[in-house]
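Have a look at run-v2.tsv; it's TSV, C-alpha atoms:
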```tsv
chain	number	residue	atom	x	y	z
A	53	MET	CA	46.17	125.48	112.38
A	54	LYS	CA	49.20	127.66	112.82
A	55	LEU	CA	49.27	130.01	109.87
A	56	LEU	CA	52.50	131.76	110.58
A	57	LYS	CA	55.77	129.90	110.26
A	58	ILE	CA	58.52	132.15	111.40
A	59	PHE	CA	62.16	131.25	110.93
A	60	SER	CA	65.31	132.80	112.26
A	61	LEU	CA	68.06	133.70	109.81
A	62	LYS	CA	70.03	130.63	110.85
A	63	GLU	CA	67.00	128.40	110.33
A	64	MET	CA	66.46	129.86	106.85
A	65	ILE	CA	70.07	129.19	105.86
A	66	ASP	CA	70.03	125.71	107.40
A	67	GLN	CA	66.78	124.93	105.64
A	68	TRP	CA	68.31	125.95	102.33
A	69	ASN	CA	71.47	123.92	102.96
A	70	ASN	CA	69.46	120.86	103.98
A	71	LEU	CA	67.35	120.70	100.84
A	72	GLN	CA	68.20	117.55	98.92
A	73	ARG	CA	70.01	117.90	95.64
A	74	ILE	CA	69.93	115.80	92.48
A	75	PRO	CA	73.14	116.02	90.42
A	76	ILE	CA	72.54	116.54	86.71
A	77	GLY	CA	76.00	115.90	85.31
A	78	ILE	CA	76.90	119.53	84.56
A	79	PRO	CA	79.88	120.43	86.78
A	80	ILE	CA	79.06	124.09	87.29
A	81	VAL	CA	75.59	123.17	88.61
A	82	ASP	CA	76.63	120.11	90.60
A	83	GLU	CA	79.64	121.78	92.21
A	84	SER	CA	78.07	125.13	93.11
A	85	LEU	CA	74.54	124.05	93.99
A	86	GLY	CA	74.84	120.30	94.36
A	87	GLY	CA	72.52	119.82	91.38
A	88	ILE	CA	68.89	120.69	90.93
A	89	ILE	CA	67.21	121.21	94.26
A	90	LYS	CA	64.18	119.45	95.68
A	91	GLY	CA	61.55	121.90	96.85
A	92	CYS	CA	62.85	124.55	94.50
A	93	MET	CA	61.90	126.10	91.19
A	94	HIS	CA	64.39	126.41	88.35
A	95	VAL	CA	63.97	128.24	85.05
A	96	VAL	CA	65.65	127.45	81.75
A	97	ASN	CA	65.72	130.68	79.78
A	98	GLY	CA	66.72	131.08	76.17
A	99	GLU	CA	65.68	132.21	72.72
A	100	PRO	CA	64.03	129.73	70.40
A	101	GLY	CA	66.31	127.06	68.99
A	102	VAL	CA	69.16	127.42	71.49
A	103	GLY	CA	68.52	124.01	73.00
A	104	LYS	CA	66.29	124.52	76.03
A	105	THR	CA	64.32	121.33	75.43
A	106	TRP	CA	67.52	119.40	74.76
A	107	PHE	CA	68.92	120.75	78.03
A	108	CYS	CA	65.92	119.28	79.84
A	109	LEU	CA	66.32	115.98	78.01
A	110	ARG	CA	69.99	115.97	78.98
A	111	ILE	CA	69.00	116.26	82.62
A	112	ILE	CA	66.51	113.41	82.24
A	113	LYS	CA	69.14	111.23	80.54
A	114	TYR	CA	71.64	111.80	83.33
A	115	ILE	CA	69.12	111.02	86.04
A	116	LEU	CA	67.95	107.85	84.27
A	117	ASN	CA	71.57	106.77	83.77
A	118	CYS	CA	72.13	107.03	87.51
A	119	ASN	CA	69.72	104.11	87.79
A	120	ARG	CA	67.39	106.06	89.93
A	121	GLU	CA	63.92	104.80	90.50
A	122	VAL	CA	62.30	107.98	89.43
A	123	GLN	CA	59.02	109.26	88.11
A	124	ILE	CA	59.35	112.27	85.86
A	125	LEU	CA	56.48	114.45	84.70
A	126	TYR	CA	57.10	116.25	81.43
A	127	ILE	CA	54.60	118.90	80.35
A	128	ASP	CA	55.07	119.40	76.64
A	129	PHE	CA	53.14	122.58	75.99
A	130	ASN	CA	54.82	123.50	72.74
A	131	SER	CA	55.04	120.02	71.22
A	132	HIS	CA	58.80	120.37	71.07
A	133	LEU	CA	59.36	116.76	71.98
A	134	ARG	CA	59.95	114.29	69.19
A	135	ILE	CA	59.74	110.54	69.72
A	136	SER	CA	63.22	110.16	68.24
A	137	ASN	CA	64.64	112.62	70.77
A	138	ILE	CA	62.93	110.90	73.67
A	139	LEU	CA	64.37	107.57	72.58
A	140	LYS	CA	67.85	109.12	72.61
A	141	VAL	CA	67.59	109.73	76.34
A	142	CYS	CA	65.89	106.47	77.26
A	143	ASN	CA	68.14	103.41	77.36
A	144	SER	CA	65.25	100.98	77.53
A	145	SER	CA	61.50	100.67	77.58
A	146	GLN	CA	61.73	100.63	81.37
A	147	ASP	CA	63.24	104.10	81.21
A	148	LEU	CA	60.38	105.25	79.00
A	149	GLU	CA	57.93	104.10	81.63
A	150	LYS	CA	59.56	106.40	84.14
A	151	ILE	CA	58.45	109.47	82.21
A	152	VAL	CA	54.85	110.68	82.17
A	153	PHE	CA	54.02	113.07	79.33
A	154	PHE	CA	51.16	115.52	79.30
A	155	LYS	CA	50.33	117.95	76.54
A	156	PRO	CA	47.88	120.64	77.66
A	157	ASN	CA	45.69	122.21	75.00
A	158	SER	CA	45.89	125.59	76.65
A	159	LEU	CA	47.54	127.48	79.47
A	160	LEU	CA	44.28	127.24	81.39
A	161	GLU	CA	44.30	123.47	81.10
A	162	GLN	CA	47.87	123.42	82.39
A	163	ILE	CA	46.88	125.60	85.34
A	164	ILE	CA	43.97	123.30	86.23
A	165	PHE	CA	46.18	120.23	85.89
A	166	PHE	CA	48.62	121.55	88.44
A	167	LYS	CA	45.92	122.68	90.84
A	168	ASN	CA	44.64	119.10	90.83
A	169	LEU	CA	48.16	117.80	91.34
A	170	LEU	CA	48.64	120.11	94.31
A	171	ASP	CA	45.42	118.91	95.94
A	172	ASN	CA	46.09	115.25	95.31
A	173	PRO	CA	47.97	113.74	98.26
A	174	ASN	CA	48.80	110.61	96.27
A	175	SER	CA	50.56	112.31	93.39
A	176	SER	CA	54.27	111.84	93.54
A	177	TYR	CA	56.97	112.77	91.09
A	178	ASP	CA	60.72	113.10	91.48
A	179	LEU	CA	61.05	115.79	88.83
A	180	VAL	CA	58.59	118.02	86.99
A	181	ILE	CA	59.48	119.82	83.77
A	182	LEU	CA	57.22	122.39	82.12
A	183	ASP	CA	58.20	123.12	78.54
A	184	ALA	CA	57.26	125.94	78.22
A	185	VAL	CA	55.58	127.49	81.21
A	186	PHE	CA	53.73	130.22	79.34
A	187	GLY	CA	53.64	128.63	75.92
A	188	SER	CA	55.10	130.24	72.81
A	189	PRO	CA	54.94	133.99	72.15
A	190	LEU	CA	52.04	133.48	69.75
A	191	GLU	CA	50.08	131.88	72.53
A	192	SER	CA	50.54	135.13	74.45
A	193	LEU	CA	48.05	136.52	71.98
A	194	GLU	CA	45.50	134.46	73.92
A	195	VAL	CA	45.91	137.18	76.47
A	196	LEU	CA	44.07	139.52	74.13
A	197	LYS	CA	41.00	137.44	74.79
A	198	TYR	CA	41.11	138.27	78.48
A	199	LYS	CA	41.40	141.39	80.53
A	200	LYS	CA	45.04	141.95	81.33
A	201	GLN	CA	44.38	141.96	85.08
A	202	ILE	CA	42.67	138.58	84.94
A	203	TRP	CA	45.52	137.19	82.89
A	204	LYS	CA	48.14	138.60	85.30
A	205	ARG	CA	46.34	137.07	88.23
A	206	ARG	CA	46.15	133.74	86.41
A	207	ILE	CA	49.91	133.70	85.75
A	208	ILE	CA	50.73	134.71	89.31
A	209	ASP	CA	48.41	132.02	90.68
A	210	HIS	CA	50.01	129.43	88.42
A	211	LEU	CA	53.55	130.26	89.50
A	212	SER	CA	52.40	130.31	93.12
A	213	ASP	CA	50.83	126.87	92.75
A	214	LEU	CA	54.02	125.54	91.16
A	215	ARG	CA	56.09	126.92	93.98
A	216	GLU	CA	53.77	125.48	96.59
A	217	LEU	CA	53.84	122.11	94.80
A	218	ALA	CA	57.65	122.13	94.78
A	219	ASP	CA	57.77	123.03	98.46
A	220	LYS	CA	54.99	120.74	99.69
A	221	LYS	CA	56.06	117.63	97.80
A	222	GLN	CA	59.79	118.43	97.83
A	223	ILE	CA	60.10	118.15	94.07
A	224	PRO	CA	62.50	120.05	91.83
A	225	ILE	CA	60.46	121.86	89.21
A	226	ILE	CA	62.11	123.04	86.01
A	227	ILE	CA	60.25	125.50	83.85
A	228	VAL	CA	61.29	126.45	80.36
A	229	ASN	CA	60.85	130.05	79.36
A	230	HIS	CA	61.07	131.45	75.90
A	231	LEU	CA	63.06	134.68	75.80
A	232	LEU	CA	62.15	137.24	73.19
A	233	THR	CA	64.19	137.43	70.01
A	234	LEU	CA	65.06	140.85	68.59
A	235	ASP	CA	62.19	140.62	66.11
A	236	GLU	CA	59.72	139.69	68.80
A	237	LYS	CA	60.89	142.55	70.99
A	238	SER	CA	59.68	144.96	68.34
A	239	SER	CA	56.19	143.57	68.61
A	240	PHE	CA	54.12	145.98	70.64
A	241	LEU	CA	51.62	143.23	71.32
A	242	ILE	CA	53.92	140.52	72.60
A	243	THR	CA	56.70	142.43	74.36
A	244	PRO	CA	54.75	143.90	77.29
A	245	ILE	CA	53.18	140.52	78.01
A	246	ARG	CA	56.47	138.68	77.86
A	247	GLN	CA	58.16	141.30	80.00
A	248	LEU	CA	55.54	140.77	82.68
A	249	GLU	CA	56.09	137.03	82.50
A	250	GLN	CA	59.82	137.59	82.93
A	251	ASP	CA	59.20	139.85	85.94
A	252	PHE	CA	56.98	137.25	87.54
A	253	LEU	CA	59.58	134.53	87.02
A	254	GLU	CA	62.18	136.66	88.78
A	255	GLU	CA	59.85	136.97	91.76
A	256	PHE	CA	59.18	133.27	92.13
A	257	VAL	CA	62.15	131.37	90.73
A	258	PRO	CA	65.57	131.55	92.39
A	259	ILE	CA	67.67	129.42	90.01
A	260	ASN	CA	68.19	130.50	86.44
A	261	PHE	CA	69.79	128.48	83.64
A	262	LEU	CA	70.35	130.83	80.70
A	263	ILE	CA	71.09	128.91	77.52
A	264	ASN	CA	72.89	130.46	74.57
A	265	LYS	CA	74.09	129.04	71.31
A	266	LYS	CA	77.06	130.38	69.37
A	267	GLU	CA	78.65	128.72	66.35
A	268	ASN	CA	76.97	125.41	67.12
A	269	LYS	CA	78.24	125.45	70.68
A	270	HIS	CA	75.91	125.59	73.66
A	271	PHE	CA	76.58	127.68	76.71
A	272	LEU	CA	74.96	127.72	80.10
A	273	LYS	CA	75.02	130.72	82.41
A	274	LEU	CA	73.98	129.82	85.94
A	275	SER	CA	72.45	132.37	88.30
A	276	PHE	CA	71.10	132.06	91.79
A	277	CYS	CA	68.90	134.76	93.32
A	278	HIS	CA	69.96	137.20	90.58
A	279	HIS	CA	73.66	136.55	91.20
A	280	THR	CA	75.68	134.99	88.41
A	281	ILE	CA	77.55	131.93	89.57
A	282	GLY	CA	79.34	131.14	86.36
A	283	GLU	CA	79.18	130.16	82.73
A	284	THR	CA	80.19	127.00	80.94
A	285	GLU	CA	80.03	125.31	77.60
A	286	PHE	CA	78.14	122.04	77.60
A	287	GLU	CA	77.20	119.24	75.26
A	288	ILE	CA	73.54	118.85	74.47
A	289	ILE	CA	73.59	115.10	74.69
A	290	PRO	CA	76.99	113.73	75.75
B	288	MET	CA	41.79	161.41	102.16
B	289	ILE	CA	45.11	160.53	100.67
B	290	ARG	CA	48.10	161.81	102.54
B	291	LYS	CA	51.52	161.23	101.13
B	292	ILE	CA	54.70	162.89	102.07
B	293	ARG	CA	57.30	162.75	99.37
B	294	LYS	CA	60.75	163.75	100.43
B	295	LYS	CA	63.93	164.06	98.49
B	296	TYR	CA	67.05	163.10	100.31
B	297	ASP	CA	70.63	163.55	99.33
B	298	LEU	CA	73.31	161.62	101.12
B	299	ALA	CA	73.98	164.48	103.51
B	300	GLY	CA	70.30	164.77	104.16
B	301	SER	CA	69.94	161.11	104.99
B	302	ILE	CA	69.85	162.10	108.64
B	303	ASN	CA	66.27	163.12	107.90
B	304	LEU	CA	65.53	159.56	106.91
B	305	ILE	CA	67.04	158.41	110.17
B	306	SER	CA	64.78	160.68	112.16
B	307	ASP	CA	61.80	159.48	110.13
B	308	LEU	CA	62.65	155.93	111.08
B	309	ILE	CA	62.88	156.90	114.73
B	310	THR	CA	59.42	158.43	114.64
B	311	LYS	CA	58.06	155.07	113.45
B	312	LYS	CA	56.03	156.36	110.56
B	313	PRO	CA	55.40	153.56	108.07
B	314	ILE	CA	57.81	153.67	105.20
B	315	VAL	CA	57.31	152.50	101.64
B	316	PHE	CA	60.29	151.65	99.48
B	317	LEU	CA	59.81	152.16	95.77
B	318	GLY	CA	62.03	151.35	92.84
B	319	ASP	CA	64.67	148.66	92.72
B	320	TYR	CA	63.69	145.97	95.19
B	321	LEU	CA	67.11	144.45	95.79
B	322	LYS	CA	68.79	147.84	96.11
B	323	GLY	CA	66.07	148.75	98.60
B	324	ILE	CA	66.89	145.68	100.66
B	325	GLN	CA	70.61	146.48	100.59
B	326	LEU	CA	69.94	150.05	101.61
B	327	LEU	CA	67.63	149.05	104.41
B	328	PHE	CA	70.25	146.78	105.92
B	329	SER	CA	73.22	149.01	105.29
B	330	ARG	CA	75.40	149.92	108.22
B	331	GLN	CA	74.07	153.43	108.62
B	332	TYR	CA	70.59	152.11	109.28
B	333	GLN	CA	71.56	149.02	111.18
B	334	THR	CA	70.95	150.37	114.65
B	335	LEU	CA	67.78	152.06	113.59
B	336	LEU	CA	65.95	149.01	112.46
B	337	GLU	CA	65.11	148.12	115.97
B	338	PRO	CA	65.98	144.64	117.13
B	339	ARG	CA	63.79	141.67	116.25
B	340	ILE	CA	62.95	142.35	112.66
B	341	LEU	CA	60.37	140.20	110.93
B	342	TRP	CA	60.52	140.08	107.15
B	343	VAL	CA	57.25	138.99	105.55
B	344	GLU	CA	57.96	137.91	101.99
B	345	TYR	CA	55.96	136.28	99.20
B	346	ARG	CA	58.81	136.49	96.69
B	347	VAL	CA	61.98	134.46	96.63
B	348	ILE	CA	63.93	135.50	99.69
B	349	PRO	CA	67.28	136.90	98.47
B	350	ILE	CA	69.41	134.59	100.58
B	351	ILE	CA	72.67	135.54	98.85
B	352	ASP	CA	72.12	139.25	99.44
B	353	ILE	CA	71.29	138.59	103.07
B	354	MET	CA	74.36	136.43	103.54
B	355	LYS	CA	76.47	139.27	102.14
B	356	ILE	CA	74.88	141.78	104.47
B	357	VAL	CA	75.18	139.73	107.65
B	358	PRO	CA	79.00	139.80	108.01
B	359	MET	CA	78.79	143.59	107.91
B	360	ASN	CA	75.96	143.56	110.43
B	361	PRO	CA	76.52	140.58	112.72
B	362	LEU	CA	73.68	141.60	115.01
B	363	LEU	CA	71.31	140.51	112.26
B	364	ASN	CA	72.09	136.90	113.09
B	365	LYS	CA	70.00	137.31	116.22
B	366	GLN	CA	67.74	140.12	115.10
B	367	LEU	CA	66.38	138.99	111.76
B	368	PHE	CA	63.45	136.62	111.29
B	369	PHE	CA	61.45	135.56	108.26
B	370	LEU	CA	57.87	134.73	107.45
B	371	PRO	CA	58.03	133.26	103.94
B	372	ILE	CA	54.69	133.08	102.16
B	373	ILE	CA	54.91	130.20	99.70
B	374	ASN	CA	51.65	130.86	97.92
B	375	ILE	CA	50.81	134.45	97.07
B	376	ASN	CA	47.13	133.73	97.62
B	377	LEU	CA	47.86	133.39	101.33
B	378	VAL	CA	49.05	136.98	101.66
B	379	GLU	CA	45.61	138.35	102.46
B	380	GLU	CA	44.76	135.50	104.81
B	381	ILE	CA	47.95	136.04	106.74
B	382	LEU	CA	47.64	139.81	106.96
B	383	LYS	CA	44.07	139.42	108.19
B	384	SER	CA	44.86	136.74	110.73
B	385	ASP	CA	44.81	137.31	114.45
B	386	GLU	CA	48.17	135.57	114.63
B	387	PHE	CA	49.69	138.28	112.47
B	388	PHE	CA	48.06	141.07	114.41
B	389	LEU	CA	49.33	139.64	117.67
B	390	LEU	CA	52.93	139.82	116.45
B	391	LYS	CA	53.07	143.11	118.29
B	392	ASN	CA	53.11	141.05	121.46
B	393	HIS	CA	55.94	138.84	120.27
B	394	GLY	CA	58.64	141.39	120.62
B	395	PHE	CA	59.02	142.32	116.95
B	396	SER	CA	59.91	145.96	116.67
B	397	THR	CA	60.22	146.17	112.89
B	398	LEU	CA	58.09	144.53	110.24
B	399	ILE	CA	59.31	144.48	106.64
B	400	ILE	CA	56.44	143.49	104.41
B	401	ASN	CA	56.51	142.87	100.68
B	402	ILE	CA	53.02	143.17	99.26
B	403	PRO	CA	52.03	142.14	95.71
B	404	SER	CA	51.43	145.05	93.38
B	405	ASP	CA	47.86	144.06	92.57
B	406	PHE	CA	46.88	143.64	96.20
B	407	THR	CA	43.83	145.53	97.45
B	408	LEU	CA	43.98	146.68	101.03
B	409	SER	CA	40.76	145.96	102.88
B	410	ASN	CA	39.58	148.25	105.67
B	411	ASP	CA	40.24	145.45	108.10
B	412	ILE	CA	43.89	145.06	107.12
B	413	GLU	CA	44.42	148.80	106.91
B	414	PHE	CA	43.11	149.19	110.45
B	415	ARG	CA	45.46	146.47	111.65
B	416	PHE	CA	48.42	148.19	110.00
B	417	LYS	CA	47.54	151.44	111.71
B	418	GLU	CA	47.35	149.66	115.05
B	419	LEU	CA	50.63	147.85	114.45
B	420	ALA	CA	52.27	151.12	113.41
B	421	LYS	CA	51.70	152.50	116.90
B	422	ASN	CA	54.34	150.21	118.34
B	423	ILE	CA	56.20	148.69	115.43
B	424	GLN	CA	58.20	150.24	112.63
B	425	LEU	CA	56.51	149.18	109.40
B	426	VAL	CA	58.52	149.06	106.19
B	427	PHE	CA	56.73	148.14	103.00
B	428	PHE	CA	57.88	147.17	99.54
B	429	THR	CA	54.83	147.95	97.46
B	430	LYS	CA	53.02	150.78	95.71
B	431	THR	CA	52.08	153.80	97.81
B	432	SER	CA	48.57	153.94	96.38
B	433	LEU	CA	47.91	150.90	98.54
B	434	PHE	CA	47.68	153.19	101.57
B	435	PRO	CA	45.03	155.81	100.96
B	436	SER	CA	44.67	156.93	104.51
B	437	ILE	CA	47.86	155.98	106.29
B	438	LEU	CA	50.50	158.62	106.67
B	439	ILE	CA	53.57	157.19	105.02
B	440	LYS	CA	57.01	158.17	103.86
B	441	GLU	CA	58.15	157.19	100.39
B	442	ILE	CA	61.70	156.28	99.62
B	443	ARG	CA	62.56	155.79	95.98
B	444	VAL	CA	65.64	153.65	95.52
B	445	GLU	CA	67.40	153.79	92.22
B	446	GLY	CA	70.94	153.10	91.14
B	447	SER	CA	73.40	152.34	93.86
B	448	TYR	CA	72.34	153.35	97.34
B	449	GLU	CA	70.85	156.58	96.09
B	450	ILE	CA	67.96	157.98	97.99
B	451	THR	CA	65.89	160.28	95.82
```

In structure tokens, how does this file's structure come out?
Amino acid sequence: MKLLKIFSLKEMIDQWNNLQRIPIGIPIVDESLGGIIKGCMHVVNGEPGVGKTWFCLRIIKYILNCNREVQILYIDFNSHLRISNILKVCNSSQDLEKIVFFKPNSLLEQIIFFKNLLDNPNSSYDLVILDAVFGSPLESLEVLKYKKQIWKRRIIDHLSDLRELADKKQIPIIIVNHLLTLDEKSSFLITPIRQLEQDFLEEFVPINFLINKKENKHFLKLSFCHHTIGETEFEIIP
Amino acid sequence: MIRKIRKKYDLAGSINLISDLITKKPIVFLGDYLKGIQLLFSRQYQTLLEPRILWVEYRVIPIIDIMKIVPMNPLLNKQLFFLPIININLVEEILKSDEFFLLKNHGFSTLIINIPSDFTLSNDIEFRFKELAKNIQLVFFTKTSLFPSILIKEIRVEGSYEIT
């Protein structure tokens, strides 16, 4: 089997342009990128409480409203989802059936779940959302149970598997990442771990949705490959 | 035996870097990755990265940065090729493969290789790099301690196009 797949510059650009897009109803994303991109990883960054989970639910609502026959996988690591919130995005019980929820008990369980998904030729989803990819900052303390090197390798493997899954099955994958608050940044235990996680995300994820909240208004800053495309205010659930 | 040559360059002294590139010693870029990429493809080095460049990358390929560079260096349209590695666990397999080693016969004159920071270089891969370095300019983005016995040049890239 040919291991090396070499592409010319033109082929790389064409490949990127030919990836299918799914509009999500936010003009800055739909107009600049065409929407979320199949085969690509996306990260939703933000401090706690800014609306990262709601942003994901907003995307789901828009896609369901487009009457798409979709299957969505939602990994609810932090138990941020409430039944009442899910019902706000689903217009009917048929919509509810289009979403598969999984709540891993640990990061390791999440990693194993996705390895199985990658190896399973029959698994098929139109969108995968991981909320949150590394769990909450307190869960980073799990790292203290392991040697740092083993933990680093585990995180890198996980992100690699996610990227391969996105590429192989041509799925858009959205991962939610908890950014440190000022208080958390002063924690000598959590900060180095979270900084590493942030560095890894930059290596593997090209599209960044940075969510901020000011005076009850929500803002999205969109970046692609470290370049800021623009910023916009948006409604959590229109 | 570890041999490292650390050189400090100022802008006027960058001609030394040019001569280092001509002599085909493997080069390791340290510091800011994206600035390193921009520097490597800047106009002053354009003609020195010999034609048919293969970029081996496990990270996200910075398409936007490349698309900004290309209009300034139109030759890159025909000269630049990519080997994206989707899963980082394939890096070792690829570097060890005969296919990779035989790239020297495919007309590539420069290899840019980004290697994960926790990668351990086996004797096998190190030997292959040494062999490749005889005919191909090797440029690495990684830590220099990866190369205990290969003579390399370090280039630390910080700030904006500074070579220190």

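For chain A, the residues no farther than 6 Å from chain B when using only C-alpha atoms are Lys57, Ile58, Phe59, Ser60, Leu61, Ser212, Glu216, Glu255, Phe256 and Cys277 of chain A.
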
Review point. In Å, with one decimal, what is the gap from atom CA of A:Asn130 to atom CA of A:Phe186?
Key: 9.5 Å

Practice item. Show which residues sit within 12 Å of A:Pro79, as an NGL selection string. Count only C-alpha atoms, and ignore same-chain residues fewer than 3 positions away. Key: :A and (75-76 or 82-88 or 272 or 274 or 282-287)

Review point. Which residue gives the smallest distance to A:Ser158 among A:Phe261, A:Tyr177, A:Tyr114, A:Phe129, with all atoms listed in the file counted?
Key: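 Checking each candidate against A:Ser158, we get A:Phe129 as the closest.
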
Practice item. Have a look at atom CA of A:Val152 and atom CA of A:Val180 and let me know their distance in Å, one decimal. Key: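 Atom CA of A:Val180 lies 9.5 Å from atom CA of A:Val152.
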
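Picture a line from atom CA of A:Ile288 to atom CA of A:Ile80; it runs 14.9 Å.
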
Exercise for review: Rank A:Val95, A:Ile223, A:Val257, A:Ile138 by their smallest atom-to-atom distance to A:Gln72, using only C-alpha atoms, and report the top residue only.
Suggested key: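 That would be A:Ile223, the residue with the smallest distance to A:Gln72.
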
Where atoms are missing, can you supply all heavy atoms for stretch 219-226 of chain A and output the lot as a compact mmCIF listing (two decimals), in the frame of the given file?
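What landed in out.txt:
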```
# COMPACT_ATOMS: atom_id res chain seq x y z
N ASP A 219 57.46 122.98 97.03
CA ASP A 219 57.77 123.03 98.46
C ASP A 219 57.09 121.89 99.23
O ASP A 219 57.70 121.20 100.03
CB ASP A 219 57.32 124.39 99.02
CG ASP A 219 57.62 124.53 100.50
OD1 ASP A 219 58.81 124.61 100.87
OD2 ASP A 219 56.66 124.54 101.30
N LYS A 220 55.79 121.71 98.92
CA LYS A 220 54.99 120.74 99.69
C LYS A 220 55.45 119.30 99.43
O LYS A 220 55.56 118.49 100.33
CB LYS A 220 53.54 120.89 99.24
CG LYS A 220 52.47 120.39 100.18
CD LYS A 220 51.13 120.94 99.68
CE LYS A 220 49.97 120.16 100.20
NZ LYS A 220 48.68 120.65 99.67
N LYS A 221 55.72 119.01 98.17
CA LYS A 221 56.06 117.63 97.80
C LYS A 221 57.58 117.45 97.65
O LYS A 221 58.03 116.37 97.27
CB LYS A 221 55.37 117.25 96.48
CG LYS A 221 53.88 117.54 96.49
CD LYS A 221 53.04 116.37 96.12
CE LYS A 221 51.57 116.73 96.19
NZ LYS A 221 50.69 115.60 96.14
N GLN A 222 58.33 118.49 97.92
CA GLN A 222 59.79 118.43 97.83
C GLN A 222 60.24 117.88 96.47
O GLN A 222 60.99 116.90 96.37
CB GLN A 222 60.38 117.61 98.99
CG GLN A 222 60.31 118.34 100.32
CD GLN A 222 61.18 119.60 100.33
OE1 GLN A 222 62.41 119.54 100.31
NE2 GLN A 222 60.55 120.78 100.36
N ILE A 223 59.76 118.55 95.44
CA ILE A 223 60.10 118.15 94.07
C ILE A 223 60.91 119.29 93.45
O ILE A 223 60.60 120.46 93.68
CB ILE A 223 58.84 118.01 93.19
CG1 ILE A 223 57.76 117.17 93.86
CG2 ILE A 223 59.17 117.44 91.83
CD1 ILE A 223 56.45 117.23 93.09
N PRO A 224 61.92 118.98 92.64
CA PRO A 224 62.50 120.05 91.83
C PRO A 224 61.59 120.29 90.62
O PRO A 224 61.17 119.33 89.97
CB PRO A 224 63.85 119.47 91.38
CG PRO A 224 63.69 117.99 91.48
CD PRO A 224 62.59 117.69 92.44
N ILE A 225 61.28 121.55 90.37
CA ILE A 225 60.46 121.86 89.21
C ILE A 225 61.29 122.72 88.27
O ILE A 225 61.87 123.73 88.68
CB ILE A 225 59.17 122.61 89.61
CG1 ILE A 225 58.27 121.66 90.40
CG2 ILE A 225 58.44 123.14 88.37
CD1 ILE A 225 56.91 122.24 90.78
N ILE A 226 61.35 122.29 87.02
CA ILE A 226 62.11 123.04 86.01
C ILE A 226 61.11 123.61 85.02
O ILE A 226 60.30 122.85 84.46
CB ILE A 226 63.11 122.14 85.27
CG1 ILE A 226 64.14 121.59 86.26
CG2 ILE A 226 63.81 122.91 84.16
CD1 ILE A 226 65.12 120.59 85.64
```
